[in-house]
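Written out below as C-alpha cells is the structure these notes cover.
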Amino acid sequence: MPTTDAIKWRLKIRFMLEYAVARTMTALVDLVPLRAAVWFAARGGDLAWLLAIGRRRIARENILRSGIAPDAAAADRIARASFRNFAIMLVETMKSAMILRDDRWRSSVRFALTPELMQAITAPQPGVIMAAGHYGNFELGGQVASINKPVAGVMRSLSNPYIDRMVKRRFPRVQFHFVPKNDADYSRFVRLLDDGEILAMMIDQHGGQRGMLVDFLGRPASTHTGIALLSLITNKPLVFGYCRRTGLMQFEFGGSGPHFPVHTGDRQRDVRAILEWLNGELGKVIRADPTQYMWGHRRWRPEDEKRAAE
C-alpha cells in the first residue's frame, strides 16, 4: 500500500502535468486568431463529446428529463452542441482582453436590460445579489457586469492549485474578483454588499440533502438556499443575469429583476418564493437556446425524486 507521502507526490506530479497542458493550450490560443481558436475549440468539444462517455450520458438524460428534446437523437444534438459551447467559452474567456481592456466591449456586448435593472447593476449603492447559471459565457458575464460596478464572484477553488492560480491571474477582471465559497466567515458577503458591490452566485449546483426541492425545468431539483437567505437577511435587491453568445465574440447581456425580498413571517415560504423565481428565470433563458446550457453536470438526482415523492 502506498504511503501518504507517495500519494502526495503522485498527486503533485499529476497536478503539474495538468498545469503544463493548460499552459500549453493557453499559449496556443494566444497565438492563433480568434476565428481559428474558436474553430479548434469546437472540434475539442466534439472530441470531449466522444470521449467523456459518462458526462455524455448525464447530459442526454438531463435534456430528456427536462422535456427540452422529444427523443434521444434530438437530445444528443443539443448535448453535443453544449459540449462545443463550453469549449468555445473557455477560448472566449482566454481572449476576453481583446474586448475588455478598452471600449471595444461596446461593439461586442448588447445589453437587454430594463432601466430598473440597469440602474441596479450600475449605481454605486446599494449592493446587489446577482444570480446566474451555467449558461452561455457565464465567466465573461461576470466581467461585463463589473465594467460599471465591482463584482465579487463566489467560487470554489479548483482542485488543481496550479491551474487555480493561473486562472485567477490570467484573465482580465476589470472590477471583478473572486471570493471563496467555502469559508466559515459568512459575514464577508454582507460586508461586500454593504460596500456596494455585486455579489455573483451560481444557482444551479445540486444542493444535496440540505437543499430545498424546487421545480427546475419541470422536475424537482435540490437547490442551495444560501442566496435566498442572504437576500432576506440583508434586504438587498436580487437580480438574475445571463450572458448569451450571439456571434463571434458577440454577446447579449440580459436578466430580470430587481427582486426585493418579501417577509411574510414564514422563512421557509419566503426562501421558496425566491428560489422558484430564480429557477424559473434560468429555465426561460435555457429554453430560448438549450445548446448554451452546461447539461453535463448532475443537476437532477434520484434522491431528489425520492424526497419529492415522500
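Identifiers in this document derive from the order of the C-alpha cells: chains are assigned A, B, ..., residues are numbered from 1 separately in each chain, and ligands are numbered from 1 in order of occurrence.
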Worksheet item: So which residues touch A:Leu113 within 10 Å, counting only C-alpha atoms, skipping near sequence neighbours fewer than 6 positions away, as a PyMOL selection string?
Response: chain A and resi 119+241+252-257
Output as JSON lines one row per residue of stretch 207-267 of chain A within 12 Å of stretch 38-48 of chain A: the closest atom pair and its distance in Å to one decimal place, counting only C-alpha atoms, sorted by chain and residue number ascending.
{"residue": "A:Gly247", "atom": "CA", "partner": "A:Val38", "partner_atom": "CA", "distance": 11.1}
{"residue": "A:Leu248", "atom": "CA", "partner": "A:Val38", "partner_atom": "CA", "distance": 8.4}
{"residue": "A:Met249", "atom": "CA", "partner": "A:Val38", "partner_atom": "CA", "distance": 9.5}
Practice prompt. Could you pull out the residues in stretch 229-279 of chain A that DSSP calls alpha helix (DSSP H) from the backbone, as an MDAnalysis selection string?
Written response: chainID A and resid 229:234 267:279
Taking N, CA, C and O atoms for each residue, export the selection above as a tab-separated table (two decimals), in the first residue's frame.
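Saved as part.tsv:
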chain	number	residue	atom	x	y	z
A	229	LEU	N	-31.52	33.17	1.50
A	229	LEU	CA	-31.35	33.59	2.89
A	229	LEU	C	-30.56	34.89	2.98
A	229	LEU	O	-30.89	35.77	3.78
A	230	LEU	N	-29.54	35.03	2.15
A	230	LEU	CA	-28.72	36.24	2.16
A	230	LEU	C	-29.56	37.46	1.77
A	230	LEU	O	-29.43	38.53	2.37
A	231	SER	N	-30.42	37.30	0.77
A	231	SER	CA	-31.29	38.40	0.36
A	231	SER	C	-32.26	38.77	1.48
A	231	SER	O	-32.50	39.96	1.75
A	232	LEU	N	-32.81	37.76	2.15
A	232	LEU	CA	-33.77	38.02	3.23
A	232	LEU	C	-33.10	38.67	4.43
A	232	LEU	O	-33.67	39.55	5.08
A	233	ILE	N	-31.88	38.24	4.73
A	233	ILE	CA	-31.17	38.78	5.90
A	233	ILE	C	-30.72	40.22	5.66
A	233	ILE	O	-30.82	41.07	6.55
A	234	THR	N	-30.21	40.49	4.45
A	234	THR	CA	-29.64	41.82	4.17
A	234	THR	C	-30.64	42.80	3.57
A	234	THR	O	-30.38	44.01	3.55
A	267	ARG	N	-40.25	31.89	7.13
A	267	ARG	CA	-38.96	31.92	6.46
A	267	ARG	C	-38.88	30.90	5.32
A	267	ARG	O	-38.37	31.20	4.24
A	268	GLN	N	-39.37	29.69	5.55
A	268	GLN	CA	-39.31	28.66	4.52
A	268	GLN	C	-40.11	29.08	3.28
A	268	GLN	O	-39.66	28.88	2.15
A	269	ARG	N	-41.25	29.65	3.51
A	269	ARG	CA	-42.09	30.12	2.39
A	269	ARG	C	-41.39	31.22	1.62
A	269	ARG	O	-41.42	31.24	0.37
A	270	ASP	N	-40.74	32.14	2.34
A	270	ASP	CA	-40.05	33.26	1.68
A	270	ASP	C	-38.87	32.76	0.86
A	270	ASP	O	-38.62	33.24	-0.26
A	271	VAL	N	-38.12	31.80	1.41
A	271	VAL	CA	-36.98	31.22	0.69
A	271	VAL	C	-37.47	30.52	-0.57
A	271	VAL	O	-36.89	30.68	-1.65
A	272	ARG	N	-38.53	29.74	-0.43
A	272	ARG	CA	-39.06	29.02	-1.60
A	272	ARG	C	-39.51	29.98	-2.70
A	272	ARG	O	-39.27	29.72	-3.88
A	273	ALA	N	-40.15	31.06	-2.33
A	273	ALA	CA	-40.62	32.03	-3.33
A	273	ALA	C	-39.45	32.58	-4.14
A	273	ALA	O	-39.52	32.72	-5.37
A	274	ILE	N	-38.35	32.89	-3.46
A	274	ILE	CA	-37.17	33.43	-4.15
A	274	ILE	C	-36.56	32.39	-5.07
A	274	ILE	O	-36.24	32.66	-6.24
A	275	LEU	N	-36.38	31.16	-4.56
A	275	LEU	CA	-35.76	30.10	-5.35
A	275	LEU	C	-36.62	29.72	-6.55
A	275	LEU	O	-36.09	29.42	-7.63
A	276	GLU	N	-37.92	29.72	-6.39
A	276	GLU	CA	-38.81	29.41	-7.52
A	276	GLU	C	-38.69	30.48	-8.60
A	276	GLU	O	-38.68	30.17	-9.80
A	277	TRP	N	-38.58	31.74	-8.18
A	277	TRP	CA	-38.43	32.81	-9.16
A	277	TRP	C	-37.11	32.66	-9.92
A	277	TRP	O	-37.08	32.75	-11.15
A	278	LEU	N	-36.02	32.41	-9.19
A	278	LEU	CA	-34.71	32.29	-9.83
A	278	LEU	C	-34.65	31.10	-10.77
A	278	LEU	O	-34.16	31.21	-11.90
A	279	ASN	N	-35.13	29.94	-10.33
A	279	ASN	CA	-35.13	28.76	-11.19
A	279	ASN	C	-36.00	28.96	-12.42
A	279	ASN	O	-35.67	28.49	-13.51
Worksheet entry | Distance query stretch 286-288 of chain A at most 10 Å, only C-alpha atoms, self and fewer than 2 positions along chain excluded, as JSON, numbers by chain | {"A": [66, 67, 68, 133, 134, 135, 136, 217, 244, 280, 281, 282, 283, 284, 290, 291, 292, 293, 294]}
With stretch 185-202 of chain A as the partner and 12 Å as the cut-off, tabulate the residues of stretch 65-175 of chain A that qualify, each row holding the nearest pair of atoms and their distance in Å to one decimal, using only C-alpha atoms, sorted by chain and rising number, as JSON lines.
{"residue": "A:Ala120", "atom": "CA", "partner": "A:Ile198", "partner_atom": "CA", "distance": 9.3}
{"residue": "A:Ile121", "atom": "CA", "partner": "A:Ile198", "partner_atom": "CA", "distance": 7.2}
{"residue": "A:Thr122", "atom": "CA", "partner": "A:Ile198", "partner_atom": "CA", "distance": 9.4}
{"residue": "A:Ala123", "atom": "CA", "partner": "A:Gly196", "partner_atom": "CA", "distance": 8.5}
{"residue": "A:Pro124", "atom": "CA", "partner": "A:Gly196", "partner_atom": "CA", "distance": 5.8}
{"residue": "A:Gln125", "atom": "CA", "partner": "A:Gly196", "partner_atom": "CA", "distance": 5.0}
{"residue": "A:Pro126", "atom": "CA", "partner": "A:Gly196", "partner_atom": "CA", "distance": 5.2}
{"residue": "A:Gly127", "atom": "CA", "partner": "A:Gly196", "partner_atom": "CA", "distance": 3.8}
{"residue": "A:Val128", "atom": "CA", "partner": "A:Ile198", "partner_atom": "CA", "distance": 4.7}
{"residue": "A:Ile129", "atom": "CA", "partner": "A:Leu199", "partner_atom": "CA", "distance": 4.8}
{"residue": "A:Met130", "atom": "CA", "partner": "A:Ala200", "partner_atom": "CA", "distance": 4.7}
{"residue": "A:Ala131", "atom": "CA", "partner": "A:Met201", "partner_atom": "CA", "distance": 5.1}
{"residue": "A:Ala132", "atom": "CA", "partner": "A:Met202", "partner_atom": "CA", "distance": 4.9}
{"residue": "A:Gly133", "atom": "CA", "partner": "A:Met202", "partner_atom": "CA", "distance": 5.3}
{"residue": "A:His134", "atom": "CA", "partner": "A:Met202", "partner_atom": "CA", "distance": 7.4}
{"residue": "A:Tyr135", "atom": "CA", "partner": "A:Met202", "partner_atom": "CA", "distance": 10.2}
{"residue": "A:Phe138", "atom": "CA", "partner": "A:Met202", "partner_atom": "CA", "distance": 9.2}
{"residue": "A:Glu139", "atom": "CA", "partner": "A:Ala200", "partner_atom": "CA", "distance": 10.6}
{"residue": "A:Gly141", "atom": "CA", "partner": "A:Ala200", "partner_atom": "CA", "distance": 10.0}
{"residue": "A:Gly142", "atom": "CA", "partner": "A:Ala200", "partner_atom": "CA", "distance": 7.3}
{"residue": "A:Gln143", "atom": "CA", "partner": "A:Ala200", "partner_atom": "CA", "distance": 10.6}
{"residue": "A:Val144", "atom": "CA", "partner": "A:Ile198", "partner_atom": "CA", "distance": 11.8}
{"residue": "A:Ala145", "atom": "CA", "partner": "A:Ile198", "partner_atom": "CA", "distance": 8.4}
{"residue": "A:Ser146", "atom": "CA", "partner": "A:Ile198", "partner_atom": "CA", "distance": 8.1}
{"residue": "A:Ile147", "atom": "CA", "partner": "A:Ile198", "partner_atom": "CA", "distance": 11.3}
{"residue": "A:Asn148", "atom": "CA", "partner": "A:Glu197", "partner_atom": "CA", "distance": 10.3}
{"residue": "A:Lys149", "atom": "CA", "partner": "A:Glu197", "partner_atom": "CA", "distance": 6.5}
{"residue": "A:Pro150", "atom": "CA", "partner": "A:Glu197", "partner_atom": "CA", "distance": 5.1}
{"residue": "A:Val151", "atom": "CA", "partner": "A:Ile198", "partner_atom": "CA", "distance": 4.6}
{"residue": "A:Ala152", "atom": "CA", "partner": "A:Leu199", "partner_atom": "CA", "distance": 5.0}
{"residue": "A:Gly153", "atom": "CA", "partner": "A:Ala200", "partner_atom": "CA", "distance": 4.8}
{"residue": "A:Val154", "atom": "CA", "partner": "A:Met201", "partner_atom": "CA", "distance": 5.5}
{"residue": "A:Met155", "atom": "CA", "partner": "A:Met201", "partner_atom": "CA", "distance": 7.9}
{"residue": "A:Arg156", "atom": "CA", "partner": "A:Met202", "partner_atom": "CA", "distance": 10.8}
{"residue": "A:Gln175", "atom": "CA", "partner": "A:Glu197", "partner_atom": "CA", "distance": 9.7}
Could those selected residues go to a file with N, CA and C atoms, as a CSV table (one decimal), in the first residue's frame?
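result-v6.csv written:
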chain,number,residue,atom,x,y,z
A,120,ALA,N,-29.8,49.1,-11.2
A,120,ALA,CA,-29.4,48.3,-10.0
A,120,ALA,C,-27.9,47.8,-10.2
A,121,ILE,N,-27.5,47.5,-11.4
A,121,ILE,CA,-26.2,47.0,-11.6
A,121,ILE,C,-25.1,48.0,-11.9
A,122,THR,N,-25.5,49.3,-12.0
A,122,THR,CA,-24.6,50.3,-12.3
A,122,THR,C,-24.5,51.4,-11.2
A,123,ALA,N,-25.5,51.6,-10.4
A,123,ALA,CA,-25.5,52.6,-9.3
A,123,ALA,C,-24.5,52.2,-8.2
A,124,PRO,N,-23.8,53.2,-7.6
A,124,PRO,CA,-22.9,52.8,-6.6
A,124,PRO,C,-23.5,52.1,-5.4
A,125,GLN,N,-24.7,52.4,-5.1
A,125,GLN,CA,-25.4,51.8,-4.0
A,125,GLN,C,-26.9,51.5,-4.4
A,126,PRO,N,-27.5,50.5,-3.9
A,126,PRO,CA,-27.0,49.6,-2.9
A,126,PRO,C,-26.2,48.4,-3.5
A,127,GLY,N,-25.7,47.6,-2.7
A,127,GLY,CA,-25.1,46.3,-3.2
A,127,GLY,C,-26.2,45.4,-3.7
A,128,VAL,N,-25.8,44.6,-4.6
A,128,VAL,CA,-26.8,43.7,-5.3
A,128,VAL,C,-26.4,42.3,-5.3
A,129,ILE,N,-27.3,41.4,-5.1
A,129,ILE,CA,-27.0,40.0,-5.3
A,129,ILE,C,-27.4,39.5,-6.7
A,130,MET,N,-26.5,39.0,-7.4
A,130,MET,CA,-26.8,38.6,-8.8
A,130,MET,C,-26.7,37.1,-8.9
A,131,ALA,N,-27.8,36.4,-9.3
A,131,ALA,CA,-27.8,35.0,-9.6
A,131,ALA,C,-27.6,34.7,-11.0
A,132,ALA,N,-26.9,33.6,-11.3
A,132,ALA,CA,-26.6,33.2,-12.7
A,132,ALA,C,-26.5,31.7,-12.7
A,133,GLY,N,-26.6,31.1,-13.9
A,133,GLY,CA,-26.5,29.7,-14.1
A,133,GLY,C,-25.3,29.4,-15.0
A,134,HIS,N,-25.1,28.1,-15.2
A,134,HIS,CA,-24.0,27.7,-16.2
A,134,HIS,C,-24.6,27.7,-17.6
A,135,TYR,N,-24.7,28.9,-18.1
A,135,TYR,CA,-25.4,29.2,-19.3
A,135,TYR,C,-24.6,30.2,-20.1
A,138,PHE,N,-20.9,32.4,-18.9
A,138,PHE,CA,-21.1,32.9,-17.5
A,138,PHE,C,-19.9,33.5,-16.9
A,139,GLU,N,-18.7,33.1,-17.4
A,139,GLU,CA,-17.4,33.7,-16.9
A,139,GLU,C,-17.3,35.1,-17.4
A,141,GLY,N,-19.7,37.0,-18.4
A,141,GLY,CA,-20.9,37.7,-17.9
A,141,GLY,C,-20.5,38.5,-16.6
A,142,GLY,N,-19.8,37.8,-15.7
A,142,GLY,CA,-19.3,38.5,-14.5
A,142,GLY,C,-18.4,39.7,-14.8
A,143,GLN,N,-17.5,39.5,-15.8
A,143,GLN,CA,-16.6,40.6,-16.1
A,143,GLN,C,-17.4,41.8,-16.8
A,144,VAL,N,-18.4,41.4,-17.6
A,144,VAL,CA,-19.2,42.5,-18.2
A,144,VAL,C,-19.9,43.3,-17.2
A,145,ALA,N,-20.5,42.6,-16.2
A,145,ALA,CA,-21.2,43.3,-15.1
A,145,ALA,C,-20.3,44.2,-14.3
A,146,SER,N,-19.0,43.8,-14.3
A,146,SER,CA,-18.1,44.6,-13.4
A,146,SER,C,-17.5,45.8,-14.2
A,147,ILE,N,-18.0,46.1,-15.4
A,147,ILE,CA,-17.5,47.3,-16.1
A,147,ILE,C,-17.9,48.6,-15.3
A,148,ASN,N,-19.1,48.6,-14.7
A,148,ASN,CA,-19.6,49.8,-14.1
A,148,ASN,C,-19.6,49.7,-12.6
A,149,LYS,N,-19.6,48.4,-12.0
A,149,LYS,CA,-19.7,48.3,-10.6
A,149,LYS,C,-18.9,47.1,-10.2
A,150,PRO,N,-18.2,47.1,-9.0
A,150,PRO,CA,-17.4,46.0,-8.6
A,150,PRO,C,-18.2,44.7,-8.4
A,151,VAL,N,-17.6,43.6,-8.9
A,151,VAL,CA,-18.3,42.3,-8.8
A,151,VAL,C,-17.4,41.3,-8.0
A,152,ALA,N,-18.0,40.7,-7.0
A,152,ALA,CA,-17.3,39.6,-6.3
A,152,ALA,C,-18.0,38.3,-6.7
A,153,GLY,N,-17.2,37.4,-7.4
A,153,GLY,CA,-17.8,36.2,-7.8
A,153,GLY,C,-17.5,35.1,-6.8
A,154,VAL,N,-18.5,34.4,-6.3
A,154,VAL,CA,-18.4,33.4,-5.3
A,154,VAL,C,-18.0,32.1,-6.1
A,155,MET,N,-16.8,31.5,-5.7
A,155,MET,CA,-16.3,30.4,-6.5
A,155,MET,C,-15.5,29.5,-5.6
A,156,ARG,N,-15.8,28.2,-5.8
A,156,ARG,CA,-15.0,27.1,-5.1
A,156,ARG,C,-13.7,27.0,-5.8
A,175,GLN,N,-13.3,45.1,-12.8
A,175,GLN,CA,-13.5,45.3,-11.4
A,175,GLN,C,-14.0,44.0,-10.7
Worksheet item: What does the distance from atom CA of A:Asp266 to atom CA of A:Ala221 come to in Å, to one decimal?
Response: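 Calculated distance between atom CA of A:Asp266 and atom CA of A:Ala221 is 21.6 Å.
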Discussion item. Let's see if you can do this: from backbone DSSP, list all strand (DSSP E or B) residues in stretch 61-258 of chain A, as a ChimeraX atom specification.
Written reply: /A:109-112,128-132,135,151-155,176-180,198-202,206,212-216,219-223,238-247,250-258
Worksheet item: When distances are computed from only C-alpha atoms, which of A:Arg307, A:His297, A:His224, A:Arg23 shows the smallest separation from A:Glu61?
Response: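 Under the stated criterion, the closest residue is A:His297.
The residue that comes closest to A:Val167, out of A:Gln209, A:Ala309, A:Tyr19, A:Arg110 and on the basis of only C-alpha atoms, is A:Tyr19.
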Item to complete: May I ask which of the residues A:Leu140, A:Ala74, A:Leu64, A:Cys243 is the closest one to A:Ser96, counting only C-alpha atoms?
Response: A:Leu140
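Across the structure, atom CA of A:Gln205 and atom CA of A:Arg299 are spaced 6.4 Å apart.
Interatomic distance, atom CA of A:Val239 to atom CA of A:Asp103: 25.2 Å.
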Worksheet item: Do you know which residues are at most 10 Å from stretch 98-102 of chain A counting only C-alpha atoms, after dropping those on the same chain fewer than 2 positions away, and could you put them as a PyMOL selection string?
Response: chain A and resi 34+92-96+104-109+140+143-144+147+172-174+249-250
Please save N, CA and C atoms of the selected residues as a PDB file, in the first residue's frame.
ATOM      1  N   LEU A  34      -8.726  34.727 -33.426  1.00  0.00           N
ATOM      2  CA  LEU A  34      -9.940  34.351 -32.707  1.00  0.00           C
ATOM      3  C   LEU A  34     -10.761  33.315 -33.461  1.00  0.00           C
ATOM      4  N   GLU A  92     -13.104  32.020 -25.516  1.00  0.00           N
ATOM      5  CA  GLU A  92     -13.572  33.407 -25.434  1.00  0.00           C
ATOM      6  C   GLU A  92     -13.031  34.087 -24.174  1.00  0.00           C
ATOM      7  N   THR A  93     -13.042  33.341 -23.071  1.00  0.00           N
ATOM      8  CA  THR A  93     -12.570  33.908 -21.811  1.00  0.00           C
ATOM      9  C   THR A  93     -11.075  34.184 -21.871  1.00  0.00           C
ATOM     10  N   MET A  94     -10.320  33.256 -22.499  1.00  0.00           N
ATOM     11  CA  MET A  94      -8.881  33.477 -22.640  1.00  0.00           C
ATOM     12  C   MET A  94      -8.577  34.708 -23.483  1.00  0.00           C
ATOM     13  N   LYS A  95      -9.433  34.978 -24.454  1.00  0.00           N
ATOM     14  CA  LYS A  95      -9.213  36.115 -25.356  1.00  0.00           C
ATOM     15  C   LYS A  95     -10.066  37.325 -24.992  1.00  0.00           C
ATOM     16  N   SER A  96     -10.645  37.318 -23.796  1.00  0.00           N
ATOM     17  CA  SER A  96     -11.558  38.404 -23.435  1.00  0.00           C
ATOM     18  C   SER A  96     -10.865  39.751 -23.319  1.00  0.00           C
ATOM     19  N   ARG A 104     -13.868  48.534 -26.644  1.00  0.00           N
ATOM     20  CA  ARG A 104     -14.367  47.662 -27.703  1.00  0.00           C
ATOM     21  C   ARG A 104     -15.536  46.787 -27.242  1.00  0.00           C
ATOM     22  N   TRP A 105     -15.713  46.659 -25.933  1.00  0.00           N
ATOM     23  CA  TRP A 105     -16.839  45.868 -25.448  1.00  0.00           C
ATOM     24  C   TRP A 105     -18.170  46.469 -25.911  1.00  0.00           C
ATOM     25  N   ARG A 106     -18.181  47.758 -26.198  1.00  0.00           N
ATOM     26  CA  ARG A 106     -19.436  48.403 -26.619  1.00  0.00           C
ATOM     27  C   ARG A 106     -19.947  47.840 -27.942  1.00  0.00           C
ATOM     28  N   SER A 107     -19.035  47.368 -28.801  1.00  0.00           N
ATOM     29  CA  SER A 107     -19.459  46.779 -30.070  1.00  0.00           C
ATOM     30  C   SER A 107     -19.586  45.260 -29.981  1.00  0.00           C
ATOM     31  N   SER A 108     -19.277  44.687 -28.823  1.00  0.00           N
ATOM     32  CA  SER A 108     -19.347  43.236 -28.659  1.00  0.00           C
ATOM     33  C   SER A 108     -20.472  42.789 -27.742  1.00  0.00           C
ATOM     34  N   VAL A 109     -20.973  43.697 -26.908  1.00  0.00           N
ATOM     35  CA  VAL A 109     -21.990  43.340 -25.923  1.00  0.00           C
ATOM     36  C   VAL A 109     -23.228  44.194 -26.121  1.00  0.00           C
ATOM     37  N   LEU A 140     -17.553  35.325 -18.686  1.00  0.00           N
ATOM     38  CA  LEU A 140     -17.474  36.660 -19.263  1.00  0.00           C
ATOM     39  C   LEU A 140     -18.591  37.552 -18.726  1.00  0.00           C
ATOM     40  N   GLN A 143     -17.547  39.500 -15.789  1.00  0.00           N
ATOM     41  CA  GLN A 143     -16.632  40.574 -16.137  1.00  0.00           C
ATOM     42  C   GLN A 143     -17.374  41.755 -16.774  1.00  0.00           C
ATOM     43  N   VAL A 144     -18.367  41.445 -17.605  1.00  0.00           N
ATOM     44  CA  VAL A 144     -19.153  42.517 -18.225  1.00  0.00           C
ATOM     45  C   VAL A 144     -19.909  43.301 -17.155  1.00  0.00           C
ATOM     46  N   ILE A 147     -17.964  46.115 -15.362  1.00  0.00           N
ATOM     47  CA  ILE A 147     -17.492  47.293 -16.079  1.00  0.00           C
ATOM     48  C   ILE A 147     -17.877  48.569 -15.331  1.00  0.00           C
ATOM     49  N   PRO A 172      -8.239  39.129 -17.697  1.00  0.00           N
ATOM     50  CA  PRO A 172      -8.556  40.489 -17.247  1.00  0.00           C
ATOM     51  C   PRO A 172      -9.850  40.479 -16.451  1.00  0.00           C
ATOM     52  N   ARG A 173      -9.896  41.190 -15.349  1.00  0.00           N
ATOM     53  CA  ARG A 173     -11.051  41.106 -14.467  1.00  0.00           C
ATOM     54  C   ARG A 173     -11.824  42.416 -14.348  1.00  0.00           C
ATOM     55  N   VAL A 174     -11.341  43.490 -14.992  1.00  0.00           N
ATOM     56  CA  VAL A 174     -11.987  44.798 -14.868  1.00  0.00           C
ATOM     57  C   VAL A 174     -12.109  45.107 -13.369  1.00  0.00           C
ATOM     58  N   MET A 249     -17.535  36.395 -30.755  1.00  0.00           N
ATOM     59  CA  MET A 249     -17.227  37.369 -29.711  1.00  0.00           C
ATOM     60  C   MET A 249     -18.307  38.445 -29.627  1.00  0.00           C
ATOM     61  N   GLN A 250     -19.557  37.997 -29.787  1.00  0.00           N
ATOM     62  CA  GLN A 250     -20.720  38.872 -29.665  1.00  0.00           C
ATOM     63  C   GLN A 250     -21.651  38.266 -28.621  1.00  0.00           C
TER      64      GLN A 250
END
